[in-house]
>>> print(open('upload.cif').read())   # mmCIF, C-alpha atoms and all ligand atoms
data_final
loop_
_atom_site.group_PDB
_atom_site.id
_atom_site.type_symbol
_atom_site.label_atom_id
_atom_site.label_comp_id
_atom_site.auth_asym_id
_atom_site.auth_seq_id
_atom_site.Cartn_x
_atom_site.Cartn_y
_atom_site.Cartn_z
ATOM 1 C CA MET A 1 89.026 99.027 74.888
ATOM 2 C CA ALA A 2 92.588 97.780 75.271
ATOM 3 C CA THR A 3 93.528 94.295 74.125
ATOM 4 C CA LYS A 4 94.619 92.158 77.072
ATOM 5 C CA VAL A 5 97.435 89.652 76.678
ATOM 6 C CA LEU A 6 98.518 87.158 79.336
ATOM 7 C CA MET A 7 101.849 85.305 79.361
ATOM 8 C CA VAL A 8 101.892 82.029 81.301
ATOM 9 C CA CYS A 9 104.626 79.664 82.506
ATOM 10 C CA LEU A 10 105.011 77.323 85.469
ATOM 11 C CA GLY A 11 106.640 79.465 88.150
ATOM 12 C CA ASN A 12 105.961 83.015 86.863
ATOM 13 C CA ILE A 13 109.512 83.913 87.835
ATOM 14 C CA CYS A 14 111.630 83.043 84.765
ATOM 15 C CA ARG A 15 109.923 82.921 81.358
ATOM 16 C CA SER A 16 106.547 84.658 81.608
ATOM 17 C CA PRO A 17 107.939 87.733 83.435
ATOM 18 C CA LEU A 18 110.392 88.092 80.532
ATOM 19 C CA ALA A 19 107.551 87.717 78.036
ATOM 20 C CA GLU A 20 105.504 90.328 79.922
ATOM 21 C CA GLY A 21 108.424 92.775 79.992
ATOM 22 C CA ILE A 22 109.451 92.221 76.381
ATOM 23 C CA LEU A 23 105.962 92.563 74.877
ATOM 24 C CA THR A 24 105.113 95.534 77.116
ATOM 25 C CA ASN A 25 108.188 97.218 75.721
ATOM 26 C CA MET A 26 106.970 96.708 72.146
ATOM 27 C CA VAL A 27 103.362 97.899 72.326
ATOM 28 C CA ASP A 28 101.373 101.057 72.966
ATOM 29 C CA ALA A 29 100.327 100.766 76.616
ATOM 30 C CA THR A 30 97.065 102.573 75.940
ATOM 31 C CA LYS A 31 96.070 99.881 73.428
ATOM 32 C CA VAL A 32 97.613 96.678 74.749
ATOM 33 C CA LEU A 33 97.799 95.537 78.372
ATOM 34 C CA VAL A 34 100.249 92.728 79.112
ATOM 35 C CA ASP A 35 100.343 90.655 82.278
ATOM 36 C CA SER A 36 101.808 87.300 83.345
ATOM 37 C CA ALA A 37 100.942 84.475 85.711
ATOM 38 C CA GLY A 38 102.118 80.992 86.674
ATOM 39 C CA THR A 39 100.334 77.669 86.796
ATOM 40 C CA GLY A 40 102.199 76.857 90.035
ATOM 41 C CA SER A 41 102.284 78.800 93.292
ATOM 42 C CA TYR A 42 105.803 77.955 94.534
ATOM 43 C CA HIS A 43 107.039 81.530 94.264
ATOM 44 C CA LEU A 44 103.896 83.503 95.048
ATOM 45 C CA GLY A 45 104.621 87.201 95.688
ATOM 46 C CA ASN A 46 108.288 86.879 94.715
ATOM 47 C CA ALA A 47 110.156 89.092 92.275
ATOM 48 C CA PRO A 48 111.330 87.440 89.038
ATOM 49 C CA ASP A 49 114.396 85.176 89.179
ATOM 50 C CA PRO A 50 117.581 87.307 89.385
ATOM 51 C CA ARG A 51 118.807 85.688 86.151
ATOM 52 C CA SER A 52 115.674 86.858 84.306
ATOM 53 C CA ILE A 53 116.017 90.331 85.807
ATOM 54 C CA ALA A 54 119.670 90.382 84.673
ATOM 55 C CA VAL A 55 119.109 89.293 81.054
ATOM 56 C CA ALA A 56 116.205 91.728 80.729
ATOM 57 C CA LYS A 57 118.356 94.536 82.133
ATOM 58 C CA GLU A 58 121.182 93.711 79.688
ATOM 59 C CA ASN A 59 118.605 94.245 76.957
ATOM 60 C CA GLY A 60 117.271 97.510 78.367
ATOM 61 C CA ILE A 61 114.126 96.164 80.055
ATOM 62 C CA ASP A 62 113.325 96.463 83.761
ATOM 63 C CA ILE A 63 111.195 93.589 85.065
ATOM 64 C CA SER A 64 112.288 93.892 88.704
ATOM 65 C CA GLY A 65 108.966 95.374 89.830
ATOM 66 C CA GLN A 66 106.917 92.342 88.769
ATOM 67 C CA ARG A 67 105.581 89.946 91.415
ATOM 68 C CA CYS A 68 104.676 86.299 90.974
ATOM 69 C CA ARG A 69 101.001 85.414 90.907
ATOM 70 C CA VAL A 70 98.991 82.341 90.055
ATOM 71 C CA LEU A 71 96.717 82.028 87.039
ATOM 72 C CA THR A 72 93.027 82.312 87.961
ATOM 73 C CA GLU A 73 89.806 81.335 86.218
ATOM 74 C CA ARG A 74 89.089 85.039 85.888
ATOM 75 C CA ASP A 75 92.228 85.415 83.765
ATOM 76 C CA LEU A 76 90.715 83.043 81.221
ATOM 77 C CA GLU A 77 87.677 85.285 80.940
ATOM 78 C CA GLU A 78 89.396 88.670 81.056
ATOM 79 C CA HIS A 79 92.250 88.217 78.602
ATOM 80 C CA ASP A 80 91.922 88.245 74.841
ATOM 81 C CA PHE A 81 95.074 86.245 74.158
ATOM 82 C CA ILE A 82 96.852 83.803 76.458
ATOM 83 C CA TYR A 83 100.326 82.650 75.463
ATOM 84 C CA VAL A 84 101.882 79.676 77.213
ATOM 85 C CA MET A 85 105.586 78.825 77.228
ATOM 86 C CA ASP A 86 105.448 75.040 76.913
ATOM 87 C CA LYS A 87 103.128 72.110 76.280
ATOM 88 C CA SER A 88 102.789 71.299 79.956
ATOM 89 C CA ASN A 89 101.498 74.846 80.608
ATOM 90 C CA TYR A 90 99.274 74.473 77.552
ATOM 91 C CA HIS A 91 97.543 71.368 78.851
ATOM 92 C CA HIS A 92 97.264 72.833 82.345
ATOM 93 C CA VAL A 93 95.578 76.006 81.101
ATOM 94 C CA LEU A 94 93.287 74.136 78.702
ATOM 95 C CA GLY A 95 92.218 71.985 81.631
ATOM 96 C CA LEU A 96 91.048 75.116 83.468
ATOM 97 C CA CYS A 97 89.029 76.444 80.531
ATOM 98 C CA GLN A 98 85.274 76.187 80.877
ATOM 99 C CA THR A 99 84.221 77.301 77.418
ATOM 100 C CA LYS A 100 85.362 76.846 73.838
ATOM 101 C CA GLU A 101 85.853 80.617 73.669
ATOM 102 C CA GLN A 102 88.352 80.442 76.523
ATOM 103 C CA GLU A 103 90.154 77.480 74.921
ATOM 104 C CA ASN A 104 90.500 79.435 71.679
ATOM 105 C CA LYS A 105 92.452 82.171 73.470
ATOM 106 C CA VAL A 106 95.232 79.769 74.486
ATOM 107 C CA ASN A 107 98.257 79.270 72.246
ATOM 108 C CA LEU A 108 101.884 78.268 72.551
ATOM 109 C CA LEU A 109 103.931 81.471 72.435
ATOM 110 C CA LEU A 110 106.330 80.067 69.845
ATOM 111 C CA GLY A 111 103.367 78.988 67.730
ATOM 112 C CA VAL A 112 103.103 82.577 66.505
ATOM 113 C CA THR A 113 106.409 82.336 64.638
ATOM 114 C CA ASP A 114 107.551 79.859 62.069
ATOM 115 C CA THR A 115 110.240 78.167 64.089
ATOM 116 C CA GLU A 116 111.409 74.639 64.800
ATOM 117 C CA ASN A 117 111.043 75.341 68.512
ATOM 118 C CA THR A 118 107.564 74.899 69.816
ATOM 119 C CA GLU A 119 108.432 75.340 73.479
ATOM 120 C CA VAL A 120 110.342 77.989 75.413
ATOM 121 C CA PRO A 121 112.569 75.686 77.507
ATOM 122 C CA ASP A 122 112.403 75.992 81.281
ATOM 123 C CA PRO A 123 115.706 77.679 82.220
ATOM 124 C CA TYR A 124 115.248 77.417 86.004
ATOM 125 C CA TYR A 125 117.705 74.583 86.679
ATOM 126 C CA GLY A 126 120.317 75.722 84.143
ATOM 127 C CA GLY A 127 122.817 78.571 83.884
ATOM 128 C CA ALA A 128 122.747 82.130 82.594
ATOM 129 C CA ASP A 129 123.149 80.883 78.994
ATOM 130 C CA GLY A 130 119.709 79.330 79.124
ATOM 131 C CA PHE A 131 118.204 82.652 80.122
ATOM 132 C CA ASN A 132 119.854 84.350 77.173
ATOM 133 C CA THR A 133 118.466 81.741 74.772
ATOM 134 C CA VAL A 134 115.018 82.049 76.314
ATOM 135 C CA PHE A 135 115.139 85.848 76.079
ATOM 136 C CA HIS A 136 115.772 85.745 72.337
ATOM 137 C CA LEU A 137 113.167 83.047 71.620
ATOM 138 C CA ILE A 138 110.564 85.101 73.489
ATOM 139 C CA LYS A 139 111.661 88.338 71.853
ATOM 140 C CA GLU A 140 111.200 86.965 68.346
ATOM 141 C CA ALA A 141 107.690 85.718 69.107
ATOM 142 C CA CYS A 142 106.750 88.976 70.845
ATOM 143 C CA ALA A 143 107.907 90.992 67.837
ATOM 144 C CA THR A 144 105.418 89.052 65.693
ATOM 145 C CA ILE A 145 102.633 89.513 68.238
ATOM 146 C CA ALA A 146 103.347 93.251 68.574
ATOM 147 C CA LYS A 147 103.406 93.707 64.809
ATOM 148 C CA ASN A 148 100.091 91.924 64.419
ATOM 149 C CA LEU A 149 98.473 93.734 67.342
ATOM 150 C CA ASN A 150 99.599 97.089 66.039
ATOM 151 C CA GLN A 151 98.110 96.286 62.653
ATOM 152 C CA LYS A 152 94.792 95.031 63.986
ATOM 153 C CA GLU A 153 92.926 97.805 65.720
ATOM 154 C CA ASP A 154 89.963 95.481 66.231
ATOM 155 C CA GLY A 155 92.079 93.126 68.337
ATOM 156 C CA SER A 156 91.326 90.013 66.276
ATOM 157 C CA THR A 157 93.793 87.139 66.119
ATOM 158 C CA PRO A 158 97.364 88.445 66.160
HETATM 159 P P1 LIG B 1 109.304 79.493 84.964
HETATM 160 O O1 LIG B 1 110.522 78.633 85.577
HETATM 161 O O2 LIG B 1 108.140 78.532 84.805
HETATM 162 O O3 LIG B 1 109.835 79.944 83.656
HETATM 163 O O4 LIG B 1 109.028 80.601 85.931
HETATM 164 C C1 LIG B 1 110.407 77.900 86.765
HETATM 165 C C2 LIG B 1 110.545 78.534 87.969
HETATM 166 C C3 LIG B 1 110.476 77.798 89.137
HETATM 167 C C4 LIG B 1 110.272 76.435 89.071
HETATM 168 C C5 LIG B 1 110.121 75.814 87.857
HETATM 169 C C6 LIG B 1 110.192 76.541 86.686
HETATM 170 N N1 LIG B 1 110.220 75.675 90.267
HETATM 171 O O5 LIG B 1 110.107 74.438 90.171
HETATM 172 O O6 LIG B 1 110.299 76.247 91.366
#
>>> encode(input="upload.cif", output="structure tokens")
Amino acid sequence: MATKVLMVCLGNICRSPLAEGILTNMVDATKVLVDSAGTGSYHLGNAPDPRSIAVAKENGIDISGQRCRVLTERDLEEHDFIYVMDKSNYHHVLGLCQTKEQENKVNLLLGVTDTENTEVPDPYYGGADGFNTVFHLIKEACATIAKNLNQKEDGSTP
């Protein structure tokens, strides 16, 4: 059975769509399924932010077909690994968890790499530069996740 990974941010239009697109691009789609969702519903049904679409496109990744959706309780059950972009998302998602097993699935995305940054900053109110920074922070973490997932056929902790 495929390993299921969920990327979570607040709006599901800037950071988590990038994380979904970047990790999808790095894994075998028959072995790893990647999705994304937001903790907020402000942009429900919308395509990713044009600035996220643009920075992804500059890096050879098309995320324009994604649509914003809200995190559900079912997501906590269905996914094997849930990566959140910042501490606010982290506390929100933990608050929705009903079991210790669900809580154990939730980690800060940048926690997978040894970096000074623990949070992927919210680029929504900034300029294009912020989106470029965010893209590269996410890419580095996703490379580690992809490497670990590809090594672990049993789908244990990446
Ligand atoms: P995201 O960025 O969480 O990376 O998708 C945001 C998008 C929209 C808003 C906040 C953050 N908003 O307040 O509408």
>>> residues_near_ligand(input="upload.cif", ligand="ligand LIG 1 (chain B)", cutoff="9 Å", atoms="all atoms listed in the file", output="MDAnalysis selection string")
chainID A and resid 8:18 37:43 48:49 68 85 89 120:125
>>> closest_residue(input="upload.cif", among="A:Thr99, A:Thr30, A:Asn25, A:Ser52", to="A:Gly127", atoms="only C-alpha atoms")
A:Ser52
>>> residues_around(input="upload.cif", residues="A:Ala56", least_positions_apart="2", cutoff="9 Å", atoms="only C-alpha atoms", output="PyMOL selection string")
chain A and resi 18+21-22+51-54+58-63+132+135
>>> resolve_selection(input="upload.cif", expression="the PyMOL selection byres (((chain A and resi 110) around 12) and not hetatm)", output="number ranges by chain")
A: 7, 19, 83-87, 90, 107-109, 111-121, 134, 136-145
>>> write_last_selection(input="upload.cif", atoms="C-alpha atoms", output="tab-separated table (two decimals), in the frame of the given file")
chain	number	residue	atom	x	y	z
A	7	MET	CA	101.85	85.30	79.36
A	19	ALA	CA	107.55	87.72	78.04
A	83	TYR	CA	100.33	82.65	75.46
A	84	VAL	CA	101.88	79.68	77.21
A	85	MET	CA	105.59	78.82	77.23
A	86	ASP	CA	105.45	75.04	76.91
A	87	LYS	CA	103.13	72.11	76.28
A	90	TYR	CA	99.27	74.47	77.55
A	107	ASN	CA	98.26	79.27	72.25
A	108	LEU	CA	101.88	78.27	72.55
A	109	LEU	CA	103.93	81.47	72.44
A	111	GLY	CA	103.37	78.99	67.73
A	112	VAL	CA	103.10	82.58	66.50
A	113	THR	CA	106.41	82.34	64.64
A	114	ASP	CA	107.55	79.86	62.07
A	115	THR	CA	110.24	78.17	64.09
A	116	GLU	CA	111.41	74.64	64.80
A	117	ASN	CA	111.04	75.34	68.51
A	118	THR	CA	107.56	74.90	69.82
A	119	GLU	CA	108.43	75.34	73.48
A	120	VAL	CA	110.34	77.99	75.41
A	121	PRO	CA	112.57	75.69	77.51
A	134	VAL	CA	115.02	82.05	76.31
A	136	HIS	CA	115.77	85.74	72.34
A	137	LEU	CA	113.17	83.05	71.62
A	138	ILE	CA	110.56	85.10	73.49
A	139	LYS	CA	111.66	88.34	71.85
A	140	GLU	CA	111.20	86.96	68.35
A	141	ALA	CA	107.69	85.72	69.11
A	142	CYS	CA	106.75	88.98	70.84
A	143	ALA	CA	107.91	90.99	67.84
A	144	THR	CA	105.42	89.05	65.69
A	145	ILE	CA	102.63	89.51	68.24
>>> residues_around(input="upload.cif", residues="A:Lys105", least_positions_apart="5", cutoff="9 Å", atoms="only C-alpha atoms", output="list in words")
Leu76, His79, Asp80, Phe81, Ile82, Tyr83, Lys100 and Thr157 of chain A
>>> atom_distance(input="upload.cif", atom1="atom CA of A:Gln98", atom2="atom CA of A:Ala2")
23.5 Å
>>> atom_distance(input="upload.cif", atom1="atom CA of A:Ala128", atom2="atom CA of A:Leu44")
22.6 Å
>>> atom_distance(input="upload.cif", atom1="atom CA of A:Gly95", atom2="atom CA of A:Met1")
28.1 Å
>>> residues_near_point(input="upload.cif", point="(103.2, 91.3, 80.3)", cutoff="6 Å", atoms="all atoms listed in the file", output="list in words")
Glu20, Gly21, Thr24, Val34, Asp35 and Ser36 of chain A
>>> closest_residue(input="upload.cif", among="A:Gln66, A:Thr3, A:Thr133, A:Asn150", to="A:Gly45", atoms="all atoms listed in the file")
A:Gln66
